[in-house]
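Chemist: The structure follows.
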Amino acid sequence: MTVQIPPSGTRGVSDRVVGMFPLFNRLSVWMYRRRGGDPSGRAGLLLTTIGSRSGRERTVALGKFTDDGGRLLVVASLAGAARHPAWLINLVKNPDKVWVEIGRDRFKVRPELSRGEERAAAWRRIVAAAPGYGRYERKTDREIPIVRLTPESDAGGPSQQGF
């Protein structure tokens, strides 16, 4: 993926709030895997990237949406923080090492940042389905990235229509 991440913002939710996310995420990932998915629907998928500095696998629980073509979309909101989430930096630095888990299925994906009208249309659909993202947008002055995740055809994952 040869794209530029939008600039970080100058305002957003406090670092104190963001500092609680790692603990909450570890619990969410553990619960998701224990249950074979998330019956509540809050964490629609697990995204695994390779740490841009550590080189270690990092997994986060994220909500999932689909675009008009049936591909997965995830939102790099970090609850409206001024900075981008680490997983976004990780997948930009290591775009060939990104995996998704949905239920008990794990497959490799190719990430792409949505831009322009494509992003704007996706954002409207996401906010209509999950209004909390609209509140995140009002908390920060950065453009909240939307990442499209396309299953790699040789990864043996489900078809694009199988989400």
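Each chain in the structure tokens gets a letter, A, B and so on, in the order shown; residues start at 1 in every chain, and ligands are counted from 1 in the order they appear.
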Quick one: everything within 9 Å of region 21-29 of chain A, counting only C-alpha atoms, minus sequence neighbours fewer than 6 positions away in the same chain. Send it as a ChimeraX atom specification.
Modeler: /A:38,43,46,59-61,78
Chemist: Within 8 Å of region 137-155 of chain A, which residues of region 12-89 of chain A come that close, and what is the closest atom pair and distance in Å for each? Count only C-alpha atoms and give it as a Markdown table.
Modeler:
| residue | atom | partner | partner_atom | distance |
| --- | --- | --- | --- | --- |
| A:Gly12 | CA | A:Thr140 | CA | 4.2 |
| A:Val13 | CA | A:Lys139 | CA | 6.5 |
| A:Asp67 | CA | A:Arg148 | CA | 7.9 |
| A:Arg71 | CA | A:Thr150 | CA | 5.8 |
| A:Leu72 | CA | A:Leu149 | CA | 5.1 |
| A:Leu73 | CA | A:Arg148 | CA | 4.6 |
| A:Val74 | CA | A:Val147 | CA | 5.3 |
| A:Val75 | CA | A:Ile146 | CA | 4.6 |
| A:Ala76 | CA | A:Pro145 | CA | 5.3 |
| A:Ser77 | CA | A:Ile144 | CA | 5.5 |
| A:Gly80 | CA | A:Thr140 | CA | 5.3 |
| A:Ala81 | CA | A:Thr140 | CA | 6.2 |
| A:Ala82 | CA | A:Thr140 | CA | 5.7 |
| A:Arg83 | CA | A:Arg142 | CA | 7.9 |
| A:His84 | CA | A:Ile144 | CA | 8.0 |
Chemist: Store the residues of this selection in a file with N, CA and C atoms, as a PDB file, in the first residue's frame.
Modeler:
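Dumped everything to again15.pdb:
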ATOM      1  N   GLY A  12      -8.637  16.118  20.274  1.00  0.00           N
ATOM      2  CA  GLY A  12      -9.356  14.847  20.297  1.00  0.00           C
ATOM      3  C   GLY A  12      -9.522  14.379  21.728  1.00  0.00           C
ATOM      4  N   VAL A  13     -10.017  13.156  21.892  1.00  0.00           N
ATOM      5  CA  VAL A  13     -10.195  12.627  23.238  1.00  0.00           C
ATOM      6  C   VAL A  13      -8.838  12.564  23.932  1.00  0.00           C
ATOM      7  N   ASP A  67     -18.360  -2.456   1.977  1.00  0.00           N
ATOM      8  CA  ASP A  67     -18.554  -1.435   0.956  1.00  0.00           C
ATOM      9  C   ASP A  67     -19.549  -1.960  -0.075  1.00  0.00           C
ATOM     10  N   ARG A  71     -16.684  -5.809   0.118  1.00  0.00           N
ATOM     11  CA  ARG A  71     -15.404  -5.925   0.824  1.00  0.00           C
ATOM     12  C   ARG A  71     -15.532  -5.325   2.219  1.00  0.00           C
ATOM     13  N   LEU A  72     -14.639  -5.729   3.108  1.00  0.00           N
ATOM     14  CA  LEU A  72     -14.653  -5.253   4.490  1.00  0.00           C
ATOM     15  C   LEU A  72     -14.139  -3.833   4.603  1.00  0.00           C
ATOM     16  N   LEU A  73     -14.724  -3.087   5.519  1.00  0.00           N
ATOM     17  CA  LEU A  73     -14.252  -1.751   5.867  1.00  0.00           C
ATOM     18  C   LEU A  73     -14.060  -1.705   7.380  1.00  0.00           C
ATOM     19  N   VAL A  74     -12.963  -1.081   7.815  1.00  0.00           N
ATOM     20  CA  VAL A  74     -12.736  -0.817   9.230  1.00  0.00           C
ATOM     21  C   VAL A  74     -12.384   0.655   9.372  1.00  0.00           C
ATOM     22  N   VAL A  75     -12.677   1.208  10.542  1.00  0.00           N
ATOM     23  CA  VAL A  75     -12.527   2.634  10.781  1.00  0.00           C
ATOM     24  C   VAL A  75     -11.413   2.868  11.798  1.00  0.00           C
ATOM     25  N   ALA A  76     -10.460   3.722  11.446  1.00  0.00           N
ATOM     26  CA  ALA A  76      -9.320   4.036  12.314  1.00  0.00           C
ATOM     27  C   ALA A  76      -9.647   5.252  13.173  1.00  0.00           C
ATOM     28  N   SER A  77     -10.649   5.118  14.031  1.00  0.00           N
ATOM     29  CA  SER A  77     -11.159   6.272  14.785  1.00  0.00           C
ATOM     30  C   SER A  77     -10.384   6.553  16.068  1.00  0.00           C
ATOM     31  N   GLY A  80     -11.917   9.051  18.391  1.00  0.00           N
ATOM     32  CA  GLY A  80     -11.853  10.492  18.179  1.00  0.00           C
ATOM     33  C   GLY A  80     -10.591  11.126  18.722  1.00  0.00           C
ATOM     34  N   ALA A  81      -9.538  10.337  18.921  1.00  0.00           N
ATOM     35  CA  ALA A  81      -8.256  10.893  19.389  1.00  0.00           C
ATOM     36  C   ALA A  81      -7.618  11.732  18.287  1.00  0.00           C
ATOM     37  N   ALA A  82      -6.683  12.580  18.675  1.00  0.00           N
ATOM     38  CA  ALA A  82      -5.980  13.426  17.702  1.00  0.00           C
ATOM     39  C   ALA A  82      -5.005  12.627  16.852  1.00  0.00           C
ATOM     40  N   ARG A  83      -4.570  11.478  17.361  1.00  0.00           N
ATOM     41  CA  ARG A  83      -3.615  10.656  16.604  1.00  0.00           C
ATOM     42  C   ARG A  83      -4.318   9.424  16.040  1.00  0.00           C
ATOM     43  N   HIS A  84      -3.653   8.791  15.110  1.00  0.00           N
ATOM     44  CA  HIS A  84      -4.184   7.571  14.505  1.00  0.00           C
ATOM     45  C   HIS A  84      -3.866   6.368  15.388  1.00  0.00           C
TER      46      HIS A  84
END
Chemist: Closest to Gly19 (chain A) among A:Gly55, A:Gly36, A:Pro85, A:Pro7, using only C-alpha atoms?
Modeler: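 With only C-alpha atoms as the atom set, the closest residue is A:Pro85.
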Chemist: State, in Å with one decimal place, the distance from CA of Gly116 (chain A) to CA of Ile50 (chain A).
Modeler: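 Between these atoms lies a distance of 27.4 Å.
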Chemist: Go through A:Ala79, A:Ile5, A:Val92, A:Val18 one by one, measure the shortest atom-to-atom distance of each to Pro111 (chain A) using only C-alpha atoms, and give the residue with the smallest value.
Modeler: A:Val92
Chemist: Could you pull out all residues of region 16-83 of chain A with a DSSP call of strand (DSSP E) and give them as a count of residues only?
Modeler: 18
Chemist: Check the DSSP output for the backbone and give back, as a PDB file with C-alpha atoms, in the first residue's frame, the residues of region 103-155 of chain A in helix (DSSP H, G or I).
Modeler:
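New file out_31.pdb:
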ATOM      1  CA  GLY A 116     -12.295  11.210  -1.824  1.00  0.00           C
ATOM      2  CA  GLU A 117     -15.907  10.514  -2.677  1.00  0.00           C
ATOM      3  CA  GLU A 118     -15.458   6.793  -2.039  1.00  0.00           C
ATOM      4  CA  ARG A 119     -14.458   7.573   1.555  1.00  0.00           C
ATOM      5  CA  ALA A 120     -17.223  10.158   1.963  1.00  0.00           C
ATOM      6  CA  ALA A 121     -19.891   7.695   0.782  1.00  0.00           C
ATOM      7  CA  ALA A 122     -18.516   4.943   3.025  1.00  0.00           C
ATOM      8  CA  TRP A 123     -18.415   7.357   5.981  1.00  0.00           C
ATOM      9  CA  ARG A 124     -22.089   8.253   5.502  1.00  0.00           C
ATOM     10  CA  ARG A 125     -23.065   4.551   5.463  1.00  0.00           C
ATOM     11  CA  ILE A 126     -20.927   3.796   8.537  1.00  0.00           C
ATOM     12  CA  VAL A 127     -22.329   6.691  10.569  1.00  0.00           C
ATOM     13  CA  ALA A 128     -25.879   5.709   9.585  1.00  0.00           C
ATOM     14  CA  ALA A 129     -25.233   2.154  10.827  1.00  0.00           C
ATOM     15  CA  GLY A 132     -21.040   6.724  17.545  1.00  0.00           C
ATOM     16  CA  TYR A 133     -18.536   7.262  14.756  1.00  0.00           C
ATOM     17  CA  GLY A 134     -20.178  10.617  14.045  1.00  0.00           C
ATOM     18  CA  ARG A 135     -19.456  11.644  17.636  1.00  0.00           C
ATOM     19  CA  TYR A 136     -15.809  10.626  17.191  1.00  0.00           C
ATOM     20  CA  GLU A 137     -15.576  12.850  14.126  1.00  0.00           C
ATOM     21  CA  ARG A 138     -16.815  15.834  16.135  1.00  0.00           C
ATOM     22  CA  LYS A 139     -14.180  15.237  18.863  1.00  0.00           C
ATOM     23  CA  SER A 153      -7.379 -14.757  -3.510  1.00  0.00           C
ATOM     24  CA  ASP A 154      -4.609 -17.217  -2.664  1.00  0.00           C
ATOM     25  CA  ALA A 155      -5.153 -16.934   1.087  1.00  0.00           C
TER      26      ALA A 155
END
Chemist: In terms of the shortest atom-to-atom distance over only C-alpha atoms, which of A:Val17, A:Leu45, A:Gly37, A:Arg58 is closest to Leu88 (chain A)?
Modeler: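 When distances to Leu88 (chain A) are compared using only C-alpha atoms, the smallest one comes from A:Arg58.
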Chemist: So that I can see what lies close to Glu57 (chain A), please list as an MDAnalysis selection string the residues with an atom at most 12 Å from it, counting only C-alpha atoms and leaving out residues fewer than 5 positions away in the same chain.
Modeler: chainID A and resid 47:52 87 90:91 94 97:99
Chemist: For N, CA and C atoms, I'd like the residues from the last selection saved as a short mmCIF file (atom, residue, chain, number, x, y, z; two decimals), in the first residue's frame.
Modeler:
data_model
loop_
_atom_site.label_atom_id
_atom_site.label_comp_id
_atom_site.auth_asym_id
_atom_site.auth_seq_id
_atom_site.Cartn_x
_atom_site.Cartn_y
_atom_site.Cartn_z
N LEU A 47 -8.32 -7.88 13.70
CA LEU A 47 -7.34 -7.47 12.70
C LEU A 47 -5.95 -7.69 13.29
N THR A 48 -5.13 -8.44 12.59
CA THR A 48 -3.76 -8.69 13.04
C THR A 48 -2.80 -8.04 12.07
N THR A 49 -1.90 -7.23 12.62
CA THR A 49 -0.85 -6.56 11.86
C THR A 49 0.49 -6.89 12.49
N ILE A 50 1.55 -6.48 11.84
CA ILE A 50 2.89 -6.63 12.39
C ILE A 50 3.33 -5.26 12.88
N GLY A 51 3.76 -5.19 14.14
CA GLY A 51 4.17 -3.92 14.74
C GLY A 51 5.25 -3.24 13.91
N SER A 52 5.07 -1.95 13.64
CA SER A 52 6.01 -1.22 12.78
C SER A 52 7.38 -1.09 13.43
N TRP A 87 -2.56 0.37 14.96
CA TRP A 87 -2.79 -0.66 13.95
C TRP A 87 -2.78 -0.07 12.54
N ASN A 90 0.83 0.33 11.61
CA ASN A 90 1.37 -1.00 11.36
C ASN A 90 1.00 -1.53 9.98
N LEU A 91 -0.25 -1.38 9.58
CA LEU A 91 -0.63 -1.95 8.28
C LEU A 91 -0.10 -1.13 7.12
N ASN A 94 3.56 -2.37 6.97
CA ASN A 94 3.67 -3.79 6.59
C ASN A 94 2.38 -4.26 5.91
N LYS A 97 1.42 -7.99 5.38
CA LYS A 97 1.32 -8.84 6.57
C LYS A 97 0.12 -8.40 7.41
N VAL A 98 -1.07 -8.59 6.86
CA VAL A 98 -2.31 -8.19 7.53
C VAL A 98 -3.31 -9.34 7.40
N TRP A 99 -3.88 -9.74 8.55
CA TRP A 99 -4.84 -10.83 8.57
C TRP A 99 -6.10 -10.41 9.29
#
Chemist: CA of Met20 (chain A) and CA of Lys93 (chain A), how far apart in Å?
Modeler: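 Straight-line distance from CA of Lys93 (chain A) to CA of Met20 (chain A) works out to 24.6 Å.
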Chemist: Could you jot down the CA of Asp15 (chain A) to CA of Pro95 (chain A) separation for me, Å, one decimal place?
Modeler: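 Distance reported for this atom pair: 26.9 Å.
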Chemist: Which one is closest to Tyr32 (chain A): A:Leu62, A:Arg53, A:Arg16, A:Pro6? Count only C-alpha atoms.
Modeler: A:Leu62
